[in-house]
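*Asks:* Pasting target-v3.txt below, which is compact mmCIF, N, CA and C atoms.
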# COMPACT_ATOMS: atom_id res chain seq x y z
N MET A 1 8.20 18.23 -8.19
CA MET A 1 8.18 19.05 -6.99
C MET A 1 6.74 19.18 -6.49
N ALA A 2 6.58 19.06 -5.22
CA ALA A 2 5.26 19.08 -4.60
C ALA A 2 4.64 20.47 -4.61
N THR A 3 3.33 20.49 -4.63
CA THR A 3 2.57 21.71 -4.43
C THR A 3 2.17 21.75 -2.97
N VAL A 4 2.56 22.80 -2.27
CA VAL A 4 2.27 22.93 -0.84
C VAL A 4 1.67 24.31 -0.61
N ARG A 5 0.51 24.33 0.07
CA ARG A 5 -0.14 25.61 0.39
C ARG A 5 -0.70 25.58 1.80
N VAL A 6 -0.61 26.72 2.46
CA VAL A 6 -1.28 26.95 3.74
C VAL A 6 -2.23 28.11 3.47
N GLN A 7 -3.52 27.92 3.79
CA GLN A 7 -4.52 28.92 3.43
C GLN A 7 -5.70 28.89 4.37
N GLU A 8 -6.42 30.01 4.43
CA GLU A 8 -7.64 30.07 5.23
C GLU A 8 -8.83 29.49 4.47
N ALA A 9 -8.87 29.70 3.19
CA ALA A 9 -10.01 29.29 2.37
C ALA A 9 -10.13 27.77 2.28
N ALA A 10 -11.37 27.31 2.16
CA ALA A 10 -11.61 25.89 1.92
C ALA A 10 -11.03 25.51 0.56
N PHE A 11 -10.69 24.25 0.40
CA PHE A 11 -10.14 23.77 -0.87
C PHE A 11 -11.18 22.91 -1.57
N ASP A 12 -10.99 22.74 -2.87
CA ASP A 12 -11.85 21.90 -3.70
C ASP A 12 -11.03 20.68 -4.10
N MET A 13 -11.34 19.54 -3.47
CA MET A 13 -10.56 18.33 -3.71
C MET A 13 -10.56 17.94 -5.18
N ALA A 14 -11.71 18.00 -5.83
CA ALA A 14 -11.80 17.62 -7.24
C ALA A 14 -10.92 18.52 -8.11
N ALA A 15 -10.93 19.81 -7.83
CA ALA A 15 -10.11 20.75 -8.60
C ALA A 15 -8.62 20.49 -8.35
N GLU A 16 -8.27 20.19 -7.12
CA GLU A 16 -6.86 19.91 -6.80
C GLU A 16 -6.40 18.63 -7.49
N GLN A 17 -7.26 17.60 -7.50
CA GLN A 17 -6.89 16.35 -8.17
C GLN A 17 -6.78 16.57 -9.67
N ALA A 18 -7.69 17.34 -10.24
CA ALA A 18 -7.63 17.63 -11.68
C ALA A 18 -6.35 18.38 -12.03
N ALA A 19 -5.95 19.32 -11.18
CA ALA A 19 -4.71 20.06 -11.42
C ALA A 19 -3.49 19.16 -11.34
N LEU A 20 -3.52 18.21 -10.41
CA LEU A 20 -2.40 17.29 -10.24
C LEU A 20 -2.23 16.37 -11.45
N SER A 21 -3.33 15.97 -12.05
CA SER A 21 -3.26 14.97 -13.13
C SER A 21 -3.45 15.54 -14.53
N ALA A 22 -3.67 16.84 -14.65
CA ALA A 22 -3.95 17.45 -15.96
C ALA A 22 -2.84 17.17 -16.97
N GLY A 23 -3.24 16.57 -18.11
CA GLY A 23 -2.31 16.30 -19.19
C GLY A 23 -1.29 15.21 -18.93
N ARG A 24 -1.46 14.48 -17.86
CA ARG A 24 -0.48 13.45 -17.47
C ARG A 24 -0.95 12.08 -17.92
N THR A 25 -0.06 11.29 -18.46
CA THR A 25 -0.36 9.89 -18.81
C THR A 25 0.55 8.93 -18.05
N ASP A 26 1.39 9.47 -17.17
CA ASP A 26 2.32 8.64 -16.40
C ASP A 26 1.79 8.29 -15.01
N ILE A 27 0.58 8.73 -14.70
CA ILE A 27 -0.01 8.46 -13.39
C ILE A 27 -0.90 7.23 -13.47
N GLY A 28 -0.59 6.26 -12.62
CA GLY A 28 -1.41 5.05 -12.56
C GLY A 28 -2.39 5.07 -11.41
N GLY A 29 -2.13 5.92 -10.42
CA GLY A 29 -3.02 6.00 -9.28
C GLY A 29 -2.78 7.25 -8.47
N ILE A 30 -3.83 7.77 -7.90
CA ILE A 30 -3.75 8.91 -6.99
C ILE A 30 -4.38 8.49 -5.67
N ALA A 31 -3.61 8.64 -4.59
CA ALA A 31 -4.13 8.38 -3.25
C ALA A 31 -4.48 9.72 -2.64
N SER A 32 -5.54 9.72 -1.82
CA SER A 32 -5.97 10.98 -1.22
C SER A 32 -6.36 10.79 0.23
N PHE A 33 -6.20 11.89 0.96
CA PHE A 33 -6.68 11.95 2.33
C PHE A 33 -7.22 13.35 2.56
N VAL A 34 -8.42 13.42 3.12
CA VAL A 34 -9.01 14.69 3.53
C VAL A 34 -9.30 14.59 5.01
N GLY A 35 -8.70 15.47 5.79
CA GLY A 35 -8.97 15.52 7.22
C GLY A 35 -10.06 16.54 7.50
N LEU A 36 -11.04 16.16 8.30
CA LEU A 36 -12.17 17.02 8.63
C LEU A 36 -12.14 17.39 10.11
N CYS A 37 -12.69 18.52 10.43
CA CYS A 37 -12.82 18.94 11.83
C CYS A 37 -13.97 18.15 12.46
N ARG A 38 -13.67 17.45 13.55
CA ARG A 38 -14.69 16.71 14.29
C ARG A 38 -15.35 17.62 15.31
N GLY A 39 -16.57 17.29 15.68
CA GLY A 39 -17.30 18.06 16.68
C GLY A 39 -17.31 17.40 18.03
N ASP A 40 -16.22 16.71 18.38
CA ASP A 40 -16.14 16.02 19.67
C ASP A 40 -16.42 16.95 20.83
N ASP A 41 -17.08 16.45 21.85
CA ASP A 41 -17.35 17.19 23.09
C ASP A 41 -18.10 18.49 22.86
N GLY A 42 -18.88 18.56 21.77
CA GLY A 42 -19.64 19.78 21.49
C GLY A 42 -18.81 20.91 20.93
N LEU A 43 -17.68 20.60 20.36
CA LEU A 43 -16.77 21.61 19.80
C LEU A 43 -17.51 22.56 18.86
N ALA A 44 -17.30 23.86 19.03
CA ALA A 44 -17.89 24.87 18.15
C ALA A 44 -16.97 25.17 16.97
N ALA A 45 -15.66 25.18 17.24
CA ALA A 45 -14.69 25.47 16.18
C ALA A 45 -13.30 25.08 16.64
N LEU A 46 -12.44 24.84 15.68
CA LEU A 46 -11.03 24.60 15.90
C LEU A 46 -10.30 25.75 15.23
N VAL A 47 -9.43 26.41 15.99
CA VAL A 47 -8.67 27.54 15.44
C VAL A 47 -7.23 27.09 15.28
N LEU A 48 -6.74 27.13 14.03
CA LEU A 48 -5.37 26.75 13.74
C LEU A 48 -4.55 28.00 13.47
N GLU A 49 -3.45 28.10 14.21
CA GLU A 49 -2.52 29.21 14.02
C GLU A 49 -1.21 28.66 13.51
N HIS A 50 -0.45 29.52 12.82
CA HIS A 50 0.86 29.10 12.31
C HIS A 50 1.76 30.32 12.16
N TYR A 51 3.02 30.05 11.91
CA TYR A 51 3.98 31.10 11.66
C TYR A 51 4.28 31.08 10.17
N PRO A 52 3.75 32.06 9.41
CA PRO A 52 3.94 32.06 7.95
C PRO A 52 5.42 31.98 7.58
N GLY A 53 5.67 31.25 6.55
CA GLY A 53 7.04 31.03 6.09
C GLY A 53 7.62 29.78 6.72
N MET A 54 7.66 29.72 8.03
CA MET A 54 8.18 28.54 8.71
C MET A 54 7.30 27.33 8.42
N THR A 55 6.00 27.52 8.49
CA THR A 55 5.08 26.41 8.28
C THR A 55 5.19 25.86 6.86
N GLU A 56 5.21 26.74 5.89
CA GLU A 56 5.32 26.29 4.49
C GLU A 56 6.62 25.53 4.25
N ARG A 57 7.71 26.03 4.84
CA ARG A 57 9.01 25.33 4.70
C ARG A 57 8.95 23.94 5.33
N ALA A 58 8.32 23.84 6.49
CA ALA A 58 8.22 22.54 7.15
C ALA A 58 7.38 21.57 6.31
N LEU A 59 6.25 22.04 5.78
CA LEU A 59 5.41 21.17 4.94
C LEU A 59 6.16 20.76 3.67
N ALA A 60 6.88 21.70 3.07
CA ALA A 60 7.65 21.38 1.85
C ALA A 60 8.73 20.35 2.16
N GLY A 61 9.34 20.44 3.34
CA GLY A 61 10.34 19.45 3.72
C GLY A 61 9.75 18.06 3.90
N ILE A 62 8.57 17.99 4.49
CA ILE A 62 7.90 16.70 4.67
C ILE A 62 7.52 16.13 3.30
N ALA A 63 7.02 16.97 2.39
CA ALA A 63 6.67 16.51 1.05
C ALA A 63 7.91 16.06 0.29
N ALA A 64 9.02 16.78 0.44
CA ALA A 64 10.27 16.39 -0.23
C ALA A 64 10.75 15.04 0.27
N GLU A 65 10.57 14.78 1.55
CA GLU A 65 10.94 13.47 2.10
C GLU A 65 10.11 12.36 1.45
N ALA A 66 8.81 12.60 1.28
CA ALA A 66 7.96 11.60 0.62
C ALA A 66 8.42 11.38 -0.82
N GLU A 67 8.75 12.46 -1.51
CA GLU A 67 9.21 12.34 -2.90
C GLU A 67 10.54 11.60 -2.99
N ALA A 68 11.37 11.70 -1.97
CA ALA A 68 12.65 10.98 -1.95
C ALA A 68 12.46 9.49 -1.65
N ARG A 69 11.45 9.17 -0.87
CA ARG A 69 11.23 7.77 -0.47
C ARG A 69 10.45 6.96 -1.50
N TRP A 70 9.53 7.59 -2.21
CA TRP A 70 8.68 6.87 -3.15
C TRP A 70 8.75 7.51 -4.53
N PRO A 71 8.51 6.71 -5.58
CA PRO A 71 8.56 7.25 -6.95
C PRO A 71 7.25 7.98 -7.30
N LEU A 72 7.11 9.17 -6.73
CA LEU A 72 5.90 9.95 -6.97
C LEU A 72 6.02 10.75 -8.26
N THR A 73 4.90 10.86 -8.95
CA THR A 73 4.84 11.70 -10.14
C THR A 73 4.14 13.02 -9.83
N GLY A 74 3.64 13.15 -8.61
CA GLY A 74 3.01 14.37 -8.17
C GLY A 74 2.61 14.28 -6.71
N CYS A 75 2.49 15.45 -6.09
CA CYS A 75 2.14 15.50 -4.67
C CYS A 75 1.54 16.87 -4.39
N THR A 76 0.43 16.88 -3.67
CA THR A 76 -0.22 18.13 -3.27
C THR A 76 -0.55 18.05 -1.78
N VAL A 77 -0.19 19.10 -1.05
CA VAL A 77 -0.55 19.21 0.36
C VAL A 77 -1.15 20.59 0.56
N VAL A 78 -2.40 20.62 1.02
CA VAL A 78 -3.07 21.88 1.33
C VAL A 78 -3.53 21.80 2.78
N HIS A 79 -3.10 22.75 3.60
CA HIS A 79 -3.48 22.76 5.02
C HIS A 79 -4.12 24.10 5.32
N ARG A 80 -5.27 24.04 5.94
CA ARG A 80 -5.98 25.27 6.29
C ARG A 80 -5.55 25.79 7.66
N VAL A 81 -5.72 27.08 7.82
CA VAL A 81 -5.52 27.74 9.10
C VAL A 81 -6.73 28.64 9.34
N GLY A 82 -6.81 29.17 10.54
CA GLY A 82 -7.95 30.02 10.88
C GLY A 82 -9.00 29.23 11.64
N ARG A 83 -10.21 29.77 11.65
CA ARG A 83 -11.32 29.16 12.40
C ARG A 83 -12.06 28.18 11.50
N ILE A 84 -12.08 26.92 11.93
CA ILE A 84 -12.69 25.84 11.16
C ILE A 84 -13.77 25.18 12.01
N ARG A 85 -14.95 25.07 11.44
CA ARG A 85 -16.09 24.49 12.16
C ARG A 85 -16.16 22.98 11.92
N PRO A 86 -16.82 22.26 12.85
CA PRO A 86 -16.99 20.82 12.66
C PRO A 86 -17.61 20.51 11.30
N GLY A 87 -17.07 19.49 10.66
CA GLY A 87 -17.52 19.07 9.34
C GLY A 87 -16.76 19.71 8.20
N GLU A 88 -16.03 20.79 8.48
CA GLU A 88 -15.25 21.45 7.42
C GLU A 88 -13.91 20.78 7.24
N PRO A 89 -13.37 20.82 6.02
CA PRO A 89 -12.06 20.20 5.77
C PRO A 89 -10.93 21.03 6.36
N ILE A 90 -9.90 20.32 6.84
CA ILE A 90 -8.71 20.96 7.41
C ILE A 90 -7.51 20.74 6.50
N VAL A 91 -7.32 19.50 6.05
CA VAL A 91 -6.10 19.16 5.31
C VAL A 91 -6.43 18.25 4.14
N LEU A 92 -5.67 18.44 3.06
CA LEU A 92 -5.76 17.59 1.87
C LEU A 92 -4.37 17.11 1.51
N VAL A 93 -4.24 15.81 1.31
CA VAL A 93 -3.01 15.22 0.80
C VAL A 93 -3.36 14.40 -0.42
N LEU A 94 -2.69 14.68 -1.53
CA LEU A 94 -2.82 13.90 -2.75
C LEU A 94 -1.43 13.43 -3.17
N THR A 95 -1.31 12.15 -3.47
CA THR A 95 -0.04 11.63 -3.98
C THR A 95 -0.33 10.84 -5.25
N ALA A 96 0.48 11.05 -6.26
CA ALA A 96 0.32 10.36 -7.54
C ALA A 96 1.58 9.58 -7.85
N SER A 97 1.38 8.41 -8.44
CA SER A 97 2.51 7.57 -8.83
C SER A 97 2.05 6.67 -9.98
N ALA A 98 3.01 6.05 -10.62
CA ALA A 98 2.68 5.10 -11.67
C ALA A 98 1.98 3.87 -11.08
N HIS A 99 2.25 3.59 -9.81
CA HIS A 99 1.69 2.40 -9.16
C HIS A 99 1.04 2.76 -7.83
N ARG A 100 -0.03 2.07 -7.51
CA ARG A 100 -0.85 2.41 -6.34
C ARG A 100 -0.11 2.29 -5.01
N ALA A 101 0.75 1.28 -4.86
CA ALA A 101 1.42 1.08 -3.57
C ALA A 101 2.22 2.31 -3.16
N ALA A 102 2.97 2.87 -4.08
CA ALA A 102 3.77 4.06 -3.77
C ALA A 102 2.87 5.23 -3.40
N ALA A 103 1.79 5.42 -4.15
CA ALA A 103 0.87 6.53 -3.86
C ALA A 103 0.23 6.35 -2.48
N LEU A 104 -0.21 5.15 -2.17
CA LEU A 104 -0.86 4.90 -0.89
C LEU A 104 0.10 5.05 0.28
N GLU A 105 1.29 4.48 0.16
CA GLU A 105 2.26 4.57 1.25
C GLU A 105 2.72 6.01 1.48
N ALA A 106 2.97 6.74 0.41
CA ALA A 106 3.41 8.13 0.54
C ALA A 106 2.31 8.97 1.17
N CYS A 107 1.07 8.73 0.81
CA CYS A 107 -0.04 9.47 1.39
C CYS A 107 -0.13 9.21 2.90
N ALA A 108 0.00 7.96 3.31
CA ALA A 108 -0.04 7.61 4.73
C ALA A 108 1.13 8.26 5.47
N PHE A 109 2.32 8.21 4.88
CA PHE A 109 3.49 8.84 5.46
C PHE A 109 3.25 10.34 5.68
N LEU A 110 2.75 11.00 4.64
CA LEU A 110 2.54 12.44 4.72
C LEU A 110 1.56 12.82 5.83
N ILE A 111 0.45 12.13 5.92
CA ILE A 111 -0.53 12.52 6.93
C ILE A 111 0.00 12.22 8.33
N ASP A 112 0.72 11.11 8.50
CA ASP A 112 1.31 10.80 9.80
C ASP A 112 2.31 11.89 10.21
N TRP A 113 3.14 12.32 9.29
CA TRP A 113 4.15 13.33 9.61
C TRP A 113 3.55 14.71 9.75
N LEU A 114 2.50 15.01 9.01
CA LEU A 114 1.84 16.30 9.17
C LEU A 114 1.26 16.44 10.57
N LYS A 115 0.74 15.35 11.12
CA LYS A 115 0.16 15.39 12.47
C LYS A 115 1.20 15.69 13.54
N THR A 116 2.46 15.31 13.29
CA THR A 116 3.48 15.47 14.33
C THR A 116 4.56 16.49 13.98
N GLY A 117 4.82 16.70 12.71
CA GLY A 117 5.95 17.54 12.32
C GLY A 117 5.60 18.89 11.75
N ALA A 118 4.33 19.16 11.56
CA ALA A 118 3.92 20.45 11.00
C ALA A 118 3.67 21.44 12.14
N PRO A 119 4.26 22.63 12.06
CA PRO A 119 4.13 23.60 13.14
C PRO A 119 2.81 24.38 13.10
N PHE A 120 1.79 23.76 13.64
CA PHE A 120 0.49 24.40 13.80
C PHE A 120 0.14 24.38 15.28
N TRP A 121 -0.55 25.42 15.72
CA TRP A 121 -1.05 25.46 17.08
C TRP A 121 -2.57 25.44 16.98
N LYS A 122 -3.16 24.50 17.73
CA LYS A 122 -4.61 24.28 17.61
C LYS A 122 -5.30 24.61 18.93
N ARG A 123 -6.36 25.41 18.82
CA ARG A 123 -7.14 25.80 19.98
C ARG A 123 -8.60 25.43 19.72
N GLU A 124 -9.20 24.73 20.67
CA GLU A 124 -10.61 24.37 20.56
C GLU A 124 -11.47 25.44 21.21
N GLU A 125 -12.59 25.75 20.55
CA GLU A 125 -13.57 26.70 21.10
C GLU A 125 -14.88 25.96 21.31
N PHE A 126 -15.54 26.26 22.44
CA PHE A 126 -16.81 25.62 22.76
C PHE A 126 -17.91 26.66 22.87
N PRO A 127 -19.17 26.24 22.68
CA PRO A 127 -20.29 27.19 22.69
C PRO A 127 -20.41 28.00 23.98
N ASP A 128 -19.97 27.44 25.10
CA ASP A 128 -20.09 28.15 26.37
C ASP A 128 -18.95 29.14 26.62
N GLY A 129 -18.08 29.31 25.63
CA GLY A 129 -16.97 30.26 25.75
C GLY A 129 -15.66 29.65 26.21
N ARG A 130 -15.71 28.38 26.64
CA ARG A 130 -14.46 27.72 27.04
C ARG A 130 -13.54 27.56 25.83
N GLU A 131 -12.25 27.57 26.10
CA GLU A 131 -11.23 27.31 25.08
C GLU A 131 -10.16 26.42 25.69
N ARG A 132 -9.52 25.61 24.85
CA ARG A 132 -8.38 24.83 25.33
C ARG A 132 -7.45 24.54 24.14
N TRP A 133 -6.16 24.52 24.46
CA TRP A 133 -5.16 24.21 23.45
C TRP A 133 -5.11 22.69 23.29
N VAL A 134 -4.91 22.24 22.07
CA VAL A 134 -4.84 20.81 21.78
C VAL A 134 -3.42 20.32 22.03
N GLU A 135 -3.31 19.30 22.84
CA GLU A 135 -2.01 18.71 23.17
C GLU A 135 -1.65 17.64 22.15
N ALA A 136 -0.37 17.40 21.99
CA ALA A 136 0.12 16.32 21.13
C ALA A 136 -0.37 14.98 21.70
N LYS A 137 -0.61 14.03 20.81
CA LYS A 137 -1.11 12.72 21.22
C LYS A 137 -0.03 11.66 21.01
N ASP A 138 0.09 10.76 21.99
CA ASP A 138 1.04 9.66 21.87
C ASP A 138 0.74 8.80 20.65
N SER A 139 -0.54 8.64 20.32
CA SER A 139 -0.91 7.80 19.18
C SER A 139 -0.42 8.40 17.86
N ASP A 140 -0.40 9.74 17.76
CA ASP A 140 0.13 10.38 16.56
C ASP A 140 1.64 10.18 16.47
N ASP A 141 2.33 10.31 17.61
CA ASP A 141 3.77 10.07 17.62
C ASP A 141 4.10 8.63 17.25
N ALA A 142 3.29 7.68 17.72
CA ALA A 142 3.52 6.27 17.39
C ALA A 142 3.30 6.02 15.90
N ALA A 143 2.30 6.65 15.32
CA ALA A 143 2.04 6.49 13.88
C ALA A 143 3.22 7.03 13.07
N ALA A 144 3.75 8.18 13.47
CA ALA A 144 4.88 8.77 12.73
C ALA A 144 6.15 7.95 12.94
N ALA A 145 6.29 7.34 14.10
CA ALA A 145 7.50 6.59 14.41
C ALA A 145 7.70 5.39 13.46
N ARG A 146 6.63 4.87 12.93
CA ARG A 146 6.78 3.71 12.04
C ARG A 146 7.52 4.06 10.76
N TRP A 147 7.62 5.37 10.45
CA TRP A 147 8.30 5.81 9.25
C TRP A 147 9.75 6.21 9.49
N GLN A 148 10.20 6.10 10.75
CA GLN A 148 11.59 6.48 11.06
C GLN A 148 12.54 5.59 10.29
N GLN A 149 13.55 6.22 9.71
CA GLN A 149 14.57 5.44 9.00
C GLN A 149 15.65 5.04 9.98
N ALA A 150 16.10 3.82 9.84
CA ALA A 150 17.15 3.32 10.75
C ALA A 150 18.49 3.89 10.39
How does the structure come out when it is put into structure tokens?
*Replies:*
Amino acid sequence: MATVRVQEAAFDMAAEQAALSAGRTDIGGIASFVGLCRGDDGLAALVLEHYPGMTERALAGIAAEAEARWPLTGCTVVHRVGRIRPGEPIVLVLTASAHRAAALEACAFLIDWLKTGAPFWKREEFPDGRERWVEAKDSDDAAAARWQQA
């Protein structure tokens, strides 16, 4: 069963990976992805909002889908909310499997689906006081579409 958390605090990737693999000898590879806040257009901060309970259930459902599709021996998804400055981490995905291909594919699947299927609302803040809501991107939808089951 996957570990899924939504939190304001920054995460420690090394500690999360150590927790995922502690005492395990059945893991042949761990794939990871860390998403960082970019400072495009002079961005001062990205504010992520969510609906507690609903968001965790949605993330758990996406992780369960990955566990059903690939032979994972572990999975961790940590997504931050609140005010995040450029350069700070936003999301962590770790997938473990006996073989690298499953870990890598599941990790790619998870991040693609998190971009489109996770209920977060993102607002950009700029130094001059301007704010704007982040719109969904066609490129994110196209990335997630490659995982659609026929």
*Asks:* Applying 7 Å and only N, CA and C atoms, which residues near Ala45 of chain A remain after dropping the ones on its own chain fewer than 6 positions away? List them as a list of chain:residue names.
*Replies:*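 Result of the neighbour search: A:Arg83, A:Ile84, A:Arg85, A:Pro86, A:Arg123, A:Glu124, A:Glu125, A:Phe126, A:Pro127.
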*Asks:* Using all atoms listed in the file, which of A:Gln17, A:Ser97, A:Gln7, A:Thr55 sits nearest Val81 of chain A?
*Replies:*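 Closest to Val81 of chain A of all the choices is A:Gln7.
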*Asks:* Ranking A:Ala60, A:Glu67, A:Thr76, A:His50 by minimum distance to Glu16 of chain A and counting only N, CA and C atoms, which one comes first?
*Replies:*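 When distances to Glu16 of chain A are compared using only N, CA and C atoms, the smallest one comes from A:Thr76.
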*Asks:* Pull the strand (DSSP E or B) assignments for segment 8-114 of chain A out of DSSP run on the backbone, and list those residues as a PyMOL selection string.
*Replies:* chain A and resi 29-36+45-50+72-80+82-84+89-97
*Asks:* Counting all atoms listed in the file, which of A:Gly87, A:Ala15, A:Arg69, A:Leu114 gets nearest to Cys37 of chain A?
*Replies:*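 The shortest atom-to-atom distance to Cys37 of chain A comes from A:Gly87.
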*Asks:* Quick one, how far is atom CA of Asp26 of chain A from atom CA of Asp12 of chain A?
*Replies:*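 For atom CA of Asp26 of chain A relative to atom CA of Asp12 of chain A, the distance reads 23.2 Å.
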*Asks:* Expressed in Å to a single decimal, how great is the separation between atom CA of Gln148 of chain A and atom CA of Ala64 of chain A?
*Replies:*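 A separation of 15.1 Å between them.
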*Asks:* Between atom CA of Lys115 of chain A and atom CA of Ala22 of chain A, what is the distance, to one decimal in Å?
*Replies:* 28.8 Å
*Asks:* For Tyr51 of chain A, please output as a short mmCIF file (atom, residue, chain, number, x, y, z; two decimals) with N, CA and C atoms, in the coordinates of the input all residues within 9 Å (counting only C-alpha atoms; exclusion window: fewer than 3 positions along the same chain).
*Replies:*
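The result, written out as part.cif:
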data_model
loop_
_atom_site.label_atom_id
_atom_site.label_comp_id
_atom_site.auth_asym_id
_atom_site.auth_seq_id
_atom_site.Cartn_x
_atom_site.Cartn_y
_atom_site.Cartn_z
N MET A 54 7.66 29.72 8.03
CA MET A 54 8.18 28.54 8.71
C MET A 54 7.30 27.33 8.42
N THR A 55 6.00 27.52 8.49
CA THR A 55 5.08 26.41 8.28
C THR A 55 5.19 25.86 6.86
N GLU A 56 5.21 26.74 5.89
CA GLU A 56 5.32 26.29 4.49
C GLU A 56 6.62 25.53 4.25
N PRO A 119 4.26 22.63 12.06
CA PRO A 119 4.13 23.60 13.14
C PRO A 119 2.81 24.38 13.10
N PHE A 120 1.79 23.76 13.64
CA PHE A 120 0.49 24.40 13.80
C PHE A 120 0.14 24.38 15.28
#
*Asks:* For Val6 of chain A, which residue out of A:Val47, A:Val34, A:Asp41, A:His79 is the nearest one, using all atoms listed in the file?
*Replies:* A:His79
*Asks:* Given only N, CA and C atoms as the basis, pick out the residue of A:Val134, A:Ile62, A:Val78, A:Ile27 nearest to Leu110 of chain A.
*Replies:*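 Looking at the shortest contact to Leu110 of chain A, the residue is A:Ile62.
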*Asks:* Smallest atom-to-atom distance to Ala108 of chain A: which of A:Ala31, A:Ala9, A:Val4, A:Ala44, using only N, CA and C atoms?
*Replies:*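 For Ala108 of chain A, the nearest of the candidates is A:Ala31.
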*Asks:* Residues of segment 18-132 of chain A in helix (DSSP H, G or I) according to DSSP, as a PyMOL selection string?
*Replies:* chain A and resi 18-21+40-42+54-69+100-117
*Asks:* In the coordinate frame of the file, compute which residues have an atom within 12 Å of (-14.5, 19.1, -2.7) when using only C-alpha atoms, and state them as a list in words.
*Replies:*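 Nearby residues: Ala10, Phe11, Asp12, Met13, Ala14, Ala15, Glu16, Gln17, Ala18, Ser32, Phe33, Val34, Gly35, Leu36, Glu88, Pro89, Ile90, Val91 and Leu92 of chain A.
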*Asks:* Taking 3 positions as the minimum chain separation for residues in the same chain, which residues sit within 8 Å of Ala98 of chain A when counting all atoms listed in the file? Answer as a list in words.
*Replies:*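 Selected residues are Thr25, Asp26, Ile27, Gly28, Gly29, Ile30, Pro71, Leu72, Thr73, Gly74, Thr95, Ala101, Ala102 and Ala103 of chain A.
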*Asks:* Export N, CA and C atoms of the chosen residues as a PDB file, in the coordinates of the input?
*Replies:*
ATOM      1  N   THR A  25      -0.060  11.290 -18.460  1.00  0.00           N
ATOM      2  CA  THR A  25      -0.360   9.890 -18.810  1.00  0.00           C
ATOM      3  C   THR A  25       0.550   8.930 -18.050  1.00  0.00           C
ATOM      4  N   ASP A  26       1.390   9.470 -17.170  1.00  0.00           N
ATOM      5  CA  ASP A  26       2.320   8.640 -16.400  1.00  0.00           C
ATOM      6  C   ASP A  26       1.790   8.290 -15.010  1.00  0.00           C
ATOM      7  N   ILE A  27       0.580   8.730 -14.700  1.00  0.00           N
ATOM      8  CA  ILE A  27      -0.010   8.460 -13.390  1.00  0.00           C
ATOM      9  C   ILE A  27      -0.900   7.230 -13.470  1.00  0.00           C
ATOM     10  N   GLY A  28      -0.590   6.260 -12.620  1.00  0.00           N
ATOM     11  CA  GLY A  28      -1.410   5.050 -12.560  1.00  0.00           C
ATOM     12  C   GLY A  28      -2.390   5.070 -11.410  1.00  0.00           C
ATOM     13  N   GLY A  29      -2.130   5.920 -10.420  1.00  0.00           N
ATOM     14  CA  GLY A  29      -3.020   6.000  -9.280  1.00  0.00           C
ATOM     15  C   GLY A  29      -2.780   7.250  -8.470  1.00  0.00           C
ATOM     16  N   ILE A  30      -3.830   7.770  -7.900  1.00  0.00           N
ATOM     17  CA  ILE A  30      -3.750   8.910  -6.990  1.00  0.00           C
ATOM     18  C   ILE A  30      -4.380   8.490  -5.670  1.00  0.00           C
ATOM     19  N   PRO A  71       8.510   6.710  -5.580  1.00  0.00           N
ATOM     20  CA  PRO A  71       8.560   7.250  -6.950  1.00  0.00           C
ATOM     21  C   PRO A  71       7.250   7.980  -7.300  1.00  0.00           C
ATOM     22  N   LEU A  72       7.110   9.170  -6.730  1.00  0.00           N
ATOM     23  CA  LEU A  72       5.900   9.950  -6.970  1.00  0.00           C
ATOM     24  C   LEU A  72       6.020  10.750  -8.260  1.00  0.00           C
ATOM     25  N   THR A  73       4.900  10.860  -8.950  1.00  0.00           N
ATOM     26  CA  THR A  73       4.840  11.700 -10.140  1.00  0.00           C
ATOM     27  C   THR A  73       4.140  13.020  -9.830  1.00  0.00           C
ATOM     28  N   GLY A  74       3.640  13.150  -8.610  1.00  0.00           N
ATOM     29  CA  GLY A  74       3.010  14.370  -8.170  1.00  0.00           C
ATOM     30  C   GLY A  74       2.610  14.280  -6.710  1.00  0.00           C
ATOM     31  N   THR A  95      -1.310  12.150  -3.470  1.00  0.00           N
ATOM     32  CA  THR A  95      -0.040  11.630  -3.980  1.00  0.00           C
ATOM     33  C   THR A  95      -0.330  10.840  -5.250  1.00  0.00           C
ATOM     34  N   ALA A 101       0.750   1.280  -4.860  1.00  0.00           N
ATOM     35  CA  ALA A 101       1.420   1.080  -3.570  1.00  0.00           C
ATOM     36  C   ALA A 101       2.220   2.310  -3.160  1.00  0.00           C
ATOM     37  N   ALA A 102       2.970   2.870  -4.080  1.00  0.00           N
ATOM     38  CA  ALA A 102       3.770   4.060  -3.770  1.00  0.00           C
ATOM     39  C   ALA A 102       2.870   5.230  -3.400  1.00  0.00           C
ATOM     40  N   ALA A 103       1.790   5.420  -4.150  1.00  0.00           N
ATOM     41  CA  ALA A 103       0.870   6.530  -3.860  1.00  0.00           C
ATOM     42  C   ALA A 103       0.230   6.350  -2.480  1.00  0.00           C
TER      43      ALA A 103
END
